[in-house]
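Trainee: Okay, here's the structure, questions in a sec.
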Amino acid sequence: MKYTSTRSNVQVTASQAILKGLADDGGLFVPVELPKLDVPFSRLKGMTYQQVAYEVMKLYLTDFTEEELKHCIDCAYDSKFDTEEIVPLKKAHGAYYLELFHGSTIAFKDMALSILPYLLTTSAKKNHADNEIVILTATSGDTGKAALAGFADVPGTKIIVFYPKDGVSPIQKLQMVTQKGDNTLVVGVDGNFDDCQTGVKNMFHDKALCERLDKAGYQFSSANSINIGRLTPQVVYYVYAYAHLLKRGVLEEGQPMNVVVPTGNFGNILAASYAKAAGVPIDRLICASNENKVLYDFFRTGVYDRKRPFVLTSSPSMDILISSNLERLIYALADCDPDANAALMTALSEQGEYTITPDMREKLKDYYGGYASEEETAQIISRIWKEDHYIIDTHTAVAAAVYDKFREETGDSKTTVIASTASPYKFGRSVMGAIDPSYDSMTDMELTDAMEALSGVKIPRAIEDIRDAQILHKMTCAVDEMEQVVTGFLKEK
Ligand SMILES: *Cc1c(COP(=O)(O)O)cnc(C)c1O
């Protein structure tokens with residue numbers, strides 16, 4: 001299996017794609033052909049998460065040996081997760097919530113970032129890359145911490161994380177700025193997530209900078225969801241969820257399900273579409289946005305227009321106007337024509353918008369786009385708590401609210417899986433405030449204790465760990481200082 005770029009016809013192996021992150025032409029790596037599962041669900045439904053992970057990931061990472069891949073999987077999905085199931089599926093409010101937040105940083109980013117360091121160091125060995133790998137990451141809050149946790153003190157790597165200084169939740173920020181590890185650097189940027197992401201992408205594309213770093217023994221790689229090393233582990237849990245619903249007798253083999261994904265950079269829902277291509281009977285892919293509803297508008301009109309105000313919401317990990325992974329879908333809609341895709345991406349960066357052709361729109365039927373306002377998000381948290389005694393986080397709540405609208409609009413009552421992307425403990429202030437405004441006066445840690453008392457769900461280790469942790473990263477910078485920060489950090493070490 002080879003990977004090609006969405007903007008040219010280069011071909012690389014899986015391990016080369018993981019190592020590079022982005023193609024030299026600025027495109028994203030995609031499998032030349034999307035693979036199909038080669039084991040039946042009658043067998044998958046008897047497997048553990050780790051076993052399913054192997055059956056799925058071996059299809060994409062064909063230049064990894066069985067031993068290498070199994071080693072990566074076993075190191076990633078171990079006791080870092082607070083449940084042996086890895087991804088429990090809970091029934092509430094007419095849907096199945098696939099809890100993707102039981103890893104070390106309590107957001108779904110752990111699903112991929114627990115394994116990425118192993119995939120990356122294995123890829124480096126395979127390709128005899130001697131340079132030290134510098135993970136350069138822009139985060140809307142959750143990727144940063146999950147990547148830091150994965151890469152801290154991993155030999156042969158350094159990790160630099162840029163987050164929007166005023167655009168993450170208090171708990172998210174505390175989790176990042178208390179990160180230990182000599183190879184870590186965390187920097188607050190005076191800008192929004194798109195500024196951080198653009199700054200990072202520009203450094204990747206800066207040939208002169210990359211050459212200077214190469215001479216000094218460094219090379220960049222990415223832990224952002226553009227890396228196929230992040231995408232492929234995310235396909236696993238959709239396969240596992242379907243197998244699990246078969247095992248529980250909720251579905252019979254072949255019967256379709258819908259999935260709802262609270263979406264920002266379009267990585268998680270793209271992984272669901274790969275699962276569908278691999279043979280999981282998924283009917284509709286329901287893409288849920290918050291008030292930054294650029295994707296909702298895109299699905300409705302075929303116009304992707306980022307020229308609009310950036311809204312700071314209670315679901316900060318979805319506060320994104322440039323959904324990077326959408327490029328992989330656009331490329332597929334354009335019948336894998338790299339020039340057609342590249343033209344649209346140029347229009348996006350130069351004019352701030354692009355319009356897809358009617359033919360391309362025709363192929364979007366699998367998708368349904370919806371969005372939830374801040375008020376609707378708060379209401380659904382409160383309602384599901386009152387009716388089901390189940391507390392969901394703000395991102396998952398956007399998905400739940402969109403799912404209600406979808407059911408109402410379409411009358412579609414198929415079994416539905418909602419990707420539950422973060423622990424409510426990570427967004428305690430917004431969640432508890434939605435349940436009862438009188439919680440507003442409490443401190444973040446008091447809110448955490450109140451949530452435990454209310455829900456009976458034990459406070460996760462990730463939260464206990466930051467209670468008294470020391471703040472180790474105080475650096476902030478302007479958008480145009482990001483490169484200086486990077487070269488400074490690499491020089492001093
Ligand atoms: C990153 C994130 C999302 C968005 O996922 P994408 O793959 O970027 O679409 C949703 N919810 C949470 C909690 C996240 O951390």
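Letters A, B, ... mark the chains of the structure tokens in the order given; residue numbers begin at 1 per chain; ligand numbers begin at 1, in order shown.
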Residues within 8 Å of ligand 1 (only C-alpha atoms and all ligand atoms), as an MDAnalysis selection string?
Mentor: chainID A and resid 107:109 140:143 225 261:270 315 317:318 323 393:396 420:423
Trainee: Mind writing the picked residues with N, CA, C and O atoms as a tab-separated table (two decimals), in the first residue's frame?
Mentor:
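In the end it all went to again17.tsv:
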chain	number	residue	atom	x	y	z
A	107	ALA	N	-9.19	13.07	26.60
A	107	ALA	CA	-9.86	13.51	25.36
A	107	ALA	C	-9.58	12.47	24.29
A	107	ALA	O	-8.65	11.66	24.42
A	108	PHE	N	-10.37	12.48	23.22
A	108	PHE	CA	-10.24	11.41	22.21
A	108	PHE	C	-8.89	11.47	21.50
A	108	PHE	O	-8.48	10.50	20.87
A	109	LYS	N	-8.17	12.58	21.61
A	109	LYS	CA	-6.85	12.67	20.97
A	109	LYS	C	-5.91	11.58	21.47
A	109	LYS	O	-4.99	11.18	20.76
A	140	SER	N	-5.84	23.21	19.52
A	140	SER	CA	-6.99	23.96	20.01
A	140	SER	C	-7.30	23.51	21.44
A	140	SER	O	-8.35	23.77	21.97
A	141	GLY	N	-6.37	22.78	22.06
A	141	GLY	CA	-6.51	22.45	23.47
A	141	GLY	C	-6.21	21.01	23.83
A	141	GLY	O	-5.50	20.74	24.79
A	142	ASP	N	-6.73	20.08	23.04
A	142	ASP	CA	-6.60	18.68	23.43
A	142	ASP	C	-5.42	17.96	22.78
A	142	ASP	O	-4.75	17.16	23.42
A	143	THR	N	-5.16	18.26	21.51
A	143	THR	CA	-4.02	17.63	20.84
A	143	THR	C	-2.73	17.92	21.59
A	143	THR	O	-1.89	17.04	21.78
A	225	SER	N	-3.58	16.25	13.25
A	225	SER	CA	-4.38	15.17	12.68
A	225	SER	C	-4.20	15.05	11.17
A	225	SER	O	-4.81	14.20	10.54
A	261	VAL	N	-20.35	12.89	14.71
A	261	VAL	CA	-19.01	13.25	15.16
A	261	VAL	C	-18.91	14.76	15.39
A	261	VAL	O	-19.12	15.55	14.46
A	262	PRO	N	-18.61	15.16	16.63
A	262	PRO	CA	-18.39	16.59	16.87
A	262	PRO	C	-17.08	16.99	16.20
A	262	PRO	O	-16.03	16.42	16.49
A	263	THR	N	-17.17	17.93	15.27
A	263	THR	CA	-16.07	18.10	14.32
A	263	THR	C	-15.39	19.46	14.38
A	263	THR	O	-16.04	20.49	14.57
A	264	GLY	N	-14.06	19.43	14.21
A	264	GLY	CA	-13.26	20.64	14.13
A	264	GLY	C	-12.39	20.58	12.90
A	264	GLY	O	-12.69	21.13	11.85
A	265	ASN	N	-11.30	19.80	13.01
A	265	ASN	CA	-10.34	19.68	11.92
A	265	ASN	C	-10.71	18.57	10.93
A	265	ASN	O	-9.96	18.29	10.01
A	266	PHE	N	-11.86	17.91	11.15
A	266	PHE	CA	-12.38	16.89	10.24
A	266	PHE	C	-11.59	15.58	10.25
A	266	PHE	O	-11.73	14.75	9.36
A	267	GLY	N	-10.77	15.36	11.27
A	267	GLY	CA	-9.97	14.13	11.32
A	267	GLY	C	-10.81	12.94	11.78
A	267	GLY	O	-10.77	11.86	11.17
A	268	ASN	N	-11.56	13.16	12.83
A	268	ASN	CA	-12.32	12.06	13.43
A	268	ASN	C	-13.40	11.54	12.47
A	268	ASN	O	-13.55	10.34	12.27
A	269	ILE	N	-14.11	12.46	11.85
A	269	ILE	CA	-15.19	12.02	10.94
A	269	ILE	C	-14.60	11.42	9.66
A	269	ILE	O	-15.17	10.50	9.08
A	270	LEU	N	-13.45	11.91	9.24
A	270	LEU	CA	-12.81	11.32	8.07
A	270	LEU	C	-12.43	9.86	8.36
A	270	LEU	O	-12.58	8.97	7.52
A	315	SER	N	-16.94	24.85	23.40
A	315	SER	CA	-16.30	23.63	22.85
A	315	SER	C	-15.06	24.06	22.06
A	315	SER	O	-15.04	23.98	20.83
A	317	SER	N	-12.16	22.95	21.35
A	317	SER	CA	-11.41	22.07	20.45
A	317	SER	C	-12.07	21.99	19.08
A	317	SER	O	-11.53	21.36	18.17
A	318	MET	N	-13.22	22.61	18.94
A	318	MET	CA	-13.89	22.68	17.63
A	318	MET	C	-13.95	24.11	17.11
A	318	MET	O	-14.65	24.38	16.13
A	323	SER	N	-10.59	23.60	8.36
A	323	SER	CA	-10.58	22.19	8.73
A	323	SER	C	-9.62	21.45	7.81
A	323	SER	O	-9.97	21.08	6.69
A	393	ASP	N	-19.67	16.07	27.96
A	393	ASP	CA	-18.88	17.30	27.85
A	393	ASP	C	-19.48	18.20	26.76
A	393	ASP	O	-20.40	17.79	26.04
A	394	THR	N	-18.97	19.40	26.63
A	394	THR	CA	-19.54	20.38	25.70
A	394	THR	C	-19.41	19.97	24.23
A	394	THR	O	-20.30	20.27	23.43
A	395	HIS	N	-18.31	19.29	23.87
A	395	HIS	CA	-18.13	18.88	22.47
A	395	HIS	C	-19.12	17.78	22.09
A	395	HIS	O	-19.78	17.83	21.05
A	396	THR	N	-19.20	16.80	22.99
A	396	THR	CA	-20.15	15.71	22.79
A	396	THR	C	-21.58	16.27	22.75
A	396	THR	O	-22.43	15.78	22.01
A	420	SER	N	-18.05	10.38	21.61
A	420	SER	CA	-17.99	11.19	22.84
A	420	SER	C	-16.52	11.53	23.05
A	420	SER	O	-15.72	10.68	23.42
A	421	THR	N	-16.17	12.79	22.77
A	421	THR	CA	-14.76	13.09	22.55
A	421	THR	C	-13.99	13.60	23.75
A	421	THR	O	-12.77	13.71	23.68
A	422	ALA	N	-14.66	13.97	24.82
A	422	ALA	CA	-13.90	14.42	25.99
A	422	ALA	C	-14.65	14.10	27.26
A	422	ALA	O	-15.89	14.01	27.28
A	423	SER	N	-13.89	13.94	28.33
A	423	SER	CA	-14.50	13.77	29.65
A	423	SER	C	-15.11	15.10	30.08
A	423	SER	O	-14.52	16.16	29.87
Trainee: Go through segment 9-138 of chain A and collect every residue that DSSP, computed from the backbone, puts in strand (DSSP E or B); the answer should be as a ChimeraX atom specification.
Mentor: /A:11-12,22,28-31,89-92,95-99,107,132-138
Trainee: Applying 9 Å and only C-alpha atoms, which residues near Pro170 of chain A remain after dropping the ones on its own chain fewer than 4 positions away? List them as a PDB file with all heavy atoms, in the first residue's frame.
Mentor:
ATOM      1  N   LEU A 174      -3.988  24.344  32.084  1.00  0.00           N
ATOM      2  CA  LEU A 174      -3.225  23.814  33.216  1.00  0.00           C
ATOM      3  C   LEU A 174      -2.563  22.481  32.867  1.00  0.00           C
ATOM      4  O   LEU A 174      -1.413  22.227  33.237  1.00  0.00           O
ATOM      5  CB  LEU A 174      -4.156  23.590  34.401  1.00  0.00           C
ATOM      6  CG  LEU A 174      -4.132  24.625  35.524  1.00  0.00           C
ATOM      7  CD1 LEU A 174      -5.117  24.212  36.618  1.00  0.00           C
ATOM      8  CD2 LEU A 174      -2.724  24.778  36.121  1.00  0.00           C
ATOM      9  N   GLN A 175      -3.309  21.642  32.161  1.00  0.00           N
ATOM     10  CA  GLN A 175      -2.737  20.347  31.776  1.00  0.00           C
ATOM     11  C   GLN A 175      -1.468  20.533  30.952  1.00  0.00           C
ATOM     12  O   GLN A 175      -0.499  19.806  31.117  1.00  0.00           O
ATOM     13  CB  GLN A 175      -3.754  19.546  30.946  1.00  0.00           C
ATOM     14  CG  GLN A 175      -4.822  18.857  31.768  1.00  0.00           C
ATOM     15  CD  GLN A 175      -5.670  17.954  30.879  1.00  0.00           C
ATOM     16  OE1 GLN A 175      -6.331  18.423  29.967  1.00  0.00           O
ATOM     17  NE2 GLN A 175      -5.651  16.667  31.130  1.00  0.00           N
ATOM     18  N   LYS A 426     -13.046  17.745  31.870  1.00  0.00           N
ATOM     19  CA  LYS A 426     -12.123  18.641  31.191  1.00  0.00           C
ATOM     20  C   LYS A 426     -12.749  20.014  30.955  1.00  0.00           C
ATOM     21  O   LYS A 426     -12.047  20.998  30.758  1.00  0.00           O
ATOM     22  CB  LYS A 426     -11.707  17.990  29.858  1.00  0.00           C
ATOM     23  CG  LYS A 426     -10.382  18.478  29.366  1.00  0.00           C
ATOM     24  CD  LYS A 426      -9.709  17.519  28.422  1.00  0.00           C
ATOM     25  CE  LYS A 426      -8.334  18.054  28.082  1.00  0.00           C
ATOM     26  NZ  LYS A 426      -7.549  17.165  27.257  1.00  0.00           N
ATOM     27  N   PHE A 427     -14.069  20.042  30.947  1.00  0.00           N
ATOM     28  CA  PHE A 427     -14.776  21.308  30.682  1.00  0.00           C
ATOM     29  C   PHE A 427     -15.799  21.571  31.786  1.00  0.00           C
ATOM     30  O   PHE A 427     -16.941  21.963  31.536  1.00  0.00           O
ATOM     31  CB  PHE A 427     -15.416  21.255  29.287  1.00  0.00           C
ATOM     32  CG  PHE A 427     -14.397  20.992  28.218  1.00  0.00           C
ATOM     33  CD1 PHE A 427     -14.132  19.703  27.779  1.00  0.00           C
ATOM     34  CD2 PHE A 427     -13.625  22.032  27.718  1.00  0.00           C
ATOM     35  CE1 PHE A 427     -13.143  19.442  26.847  1.00  0.00           C
ATOM     36  CE2 PHE A 427     -12.629  21.796  26.776  1.00  0.00           C
ATOM     37  CZ  PHE A 427     -12.396  20.503  26.347  1.00  0.00           C
ATOM     38  N   ARG A 429     -16.387  23.767  34.048  1.00  0.00           N
ATOM     39  CA  ARG A 429     -17.086  25.035  34.266  1.00  0.00           C
ATOM     40  C   ARG A 429     -18.307  25.148  33.349  1.00  0.00           C
ATOM     41  O   ARG A 429     -19.411  25.437  33.796  1.00  0.00           O
ATOM     42  CB  ARG A 429     -16.124  26.217  34.041  1.00  0.00           C
ATOM     43  CG  ARG A 429     -16.754  27.585  34.237  1.00  0.00           C
ATOM     44  CD  ARG A 429     -15.711  28.664  34.443  1.00  0.00           C
ATOM     45  NE  ARG A 429     -14.904  28.444  35.636  1.00  0.00           N
ATOM     46  CZ  ARG A 429     -15.289  28.702  36.880  1.00  0.00           C
ATOM     47  NH1 ARG A 429     -16.461  29.228  37.121  1.00  0.00           N
ATOM     48  NH2 ARG A 429     -14.499  28.442  37.890  1.00  0.00           N
ATOM     49  N   ASP A 444     -12.290  26.293  39.686  1.00  0.00           N
ATOM     50  CA  ASP A 444     -12.273  25.123  38.804  1.00  0.00           C
ATOM     51  C   ASP A 444     -12.169  23.810  39.582  1.00  0.00           C
ATOM     52  O   ASP A 444     -12.804  22.827  39.235  1.00  0.00           O
ATOM     53  CB  ASP A 444     -11.113  25.242  37.801  1.00  0.00           C
ATOM     54  CG  ASP A 444     -11.401  26.332  36.777  1.00  0.00           C
ATOM     55  OD1 ASP A 444     -12.491  26.297  36.192  1.00  0.00           O
ATOM     56  OD2 ASP A 444     -10.552  27.227  36.586  1.00  0.00           O
TER      57      ASP A 444
END
Trainee: Of the candidates A:Leu69, A:Ala342, A:Ile106, A:Cys287, which one gets nearest to Glu464 of chain A if we count only C-alpha atoms?
Mentor: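 Ranked by minimum distance to Glu464 of chain A, first place goes to A:Ile106.
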Trainee: Would you list the contacts of Ile322 of chain A as a PyMOL selection string, taking every protein, DNA or RNA residue within 9 Å and counting only C-alpha atoms, but skipping same-chain residues closer than 3 positions in sequence?
Mentor: chain A and resi 194+197+264-265+294+306+325-326+348
Trainee: Those same residues - N, CA, C and O atoms - I'd like them written as a CSV table (one decimal), in the first residue's frame.
Mentor:
chain,number,residue,atom,x,y,z
A,194,ASP,N,-6.4,29.0,14.3
A,194,ASP,CA,-6.1,29.0,12.9
A,194,ASP,C,-4.7,29.7,12.7
A,194,ASP,O,-3.9,29.3,11.9
A,197,GLN,N,-2.1,27.1,13.7
A,197,GLN,CA,-2.0,26.1,12.7
A,197,GLN,C,-1.3,26.6,11.4
A,197,GLN,O,-0.4,26.0,10.9
A,264,GLY,N,-14.1,19.4,14.2
A,264,GLY,CA,-13.3,20.6,14.1
A,264,GLY,C,-12.4,20.6,12.9
A,264,GLY,O,-12.7,21.1,11.9
A,265,ASN,N,-11.3,19.8,13.0
A,265,ASN,CA,-10.3,19.7,11.9
A,265,ASN,C,-10.7,18.6,10.9
A,265,ASN,O,-10.0,18.3,10.0
A,294,VAL,N,-18.6,26.6,9.7
A,294,VAL,CA,-18.2,26.7,8.3
A,294,VAL,C,-18.4,25.3,7.6
A,294,VAL,O,-18.8,25.3,6.4
A,306,ARG,N,-14.1,30.7,4.7
A,306,ARG,CA,-13.6,30.9,6.0
A,306,ARG,C,-13.6,32.4,6.4
A,306,ARG,O,-13.2,32.7,7.5
A,325,ASN,N,-8.3,18.5,7.5
A,325,ASN,CA,-8.5,17.2,6.9
A,325,ASN,C,-9.6,17.1,5.8
A,325,ASN,O,-9.7,16.1,5.1
A,326,LEU,N,-10.4,18.2,5.7
A,326,LEU,CA,-11.4,18.2,4.7
A,326,LEU,C,-10.7,18.1,3.3
A,326,LEU,O,-11.3,17.6,2.4
A,348,LEU,N,-8.6,28.8,-1.4
A,348,LEU,CA,-8.9,29.0,0.0
A,348,LEU,C,-7.8,29.9,0.7
A,348,LEU,O,-8.2,30.8,1.4
Trainee: Please, which residues in segment 20-109 of chain A fall within 8 Å of segment 200-209 of chain A when counting only C-alpha atoms, and what is the closest atom pair and distance in Å to one decimal for each, ordered by chain then residue number, as a Markdown table?
Mentor:
| residue | atom | partner | partner_atom | distance |
| --- | --- | --- | --- | --- |
| A:Leu22 | CA | A:Phe204 | CA | 7.8 |
| A:Asp24 | CA | A:His205 | CA | 7.1 |
| A:Gly26 | CA | A:His205 | CA | 7.0 |
Trainee: List the neighbours of Ala152 of chain A out to 8 Å using only C-alpha atoms; skip same-chain residues closer than 2 positions along the sequence, and give me the result as a list in words.
Mentor: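 Residues meeting the cut-off are Leu148, Ala149, Gly150, Val154, Lys158, Ile159, Lys180, Gly181, Asp182, Asn183 and Thr184 of chain A.
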Trainee: Out of segment 296-447 of chain A, which residues get helix (DSSP H, G or I) from DSSP, as a VMD selection string?
Mentor: chain A and resid 296 to 301 316 to 318 326 to 333 338 to 351 358 to 362 374 to 388 394 to 410 424 to 435 437 to 441 444 to 447
Trainee: Could you tell me which of A:Lys405, A:His71, A:Lys414, A:Lys125 comes closest to Gln255 of chain A if we count only C-alpha atoms?
Mentor: A:Lys414
Trainee: So, with only C-alpha atoms as the atoms that count, which of A:Glu353, A:Asp190, A:Asp404, A:Asp366 lies closest to Leu333 of chain A?
Mentor: A:Asp366
Trainee: Atom CA of Ala272 of chain A and atom CA of Ala434 of chain A are how many Å apart?
Mentor: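 Pair atom CA of Ala272 of chain A / atom CA of Ala434 of chain A returns 29.5 Å.
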Trainee: Report as JSON lines the residues of segment 15-81 of chain A within 8 Å of segment 111-117 of chain A, each with its shortest atom pair and distance in Å (one decimal), using only C-alpha atoms, ordered by chain and increasing residue number.
Mentor:
{"residue": "A:Cys72", "atom": "CA", "partner": "A:Ile115", "partner_atom": "CA", "distance": 6.2}
{"residue": "A:Ile73", "atom": "CA", "partner": "A:Ile115", "partner_atom": "CA", "distance": 6.6}
{"residue": "A:Cys75", "atom": "CA", "partner": "A:Ile115", "partner_atom": "CA", "distance": 7.5}
{"residue": "A:Ala76", "atom": "CA", "partner": "A:Ile115", "partner_atom": "CA", "distance": 4.8}
{"residue": "A:Tyr77", "atom": "CA", "partner": "A:Ser114", "partner_atom": "CA", "distance": 7.3}
Trainee: Counting only C-alpha atoms, figure out which residue out of A:Ile459, A:Asp195, A:Ala146, A:Glu375 gets nearest to Phe162 of chain A.
Mentor: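 Under the stated criterion, the closest residue is A:Asp195.
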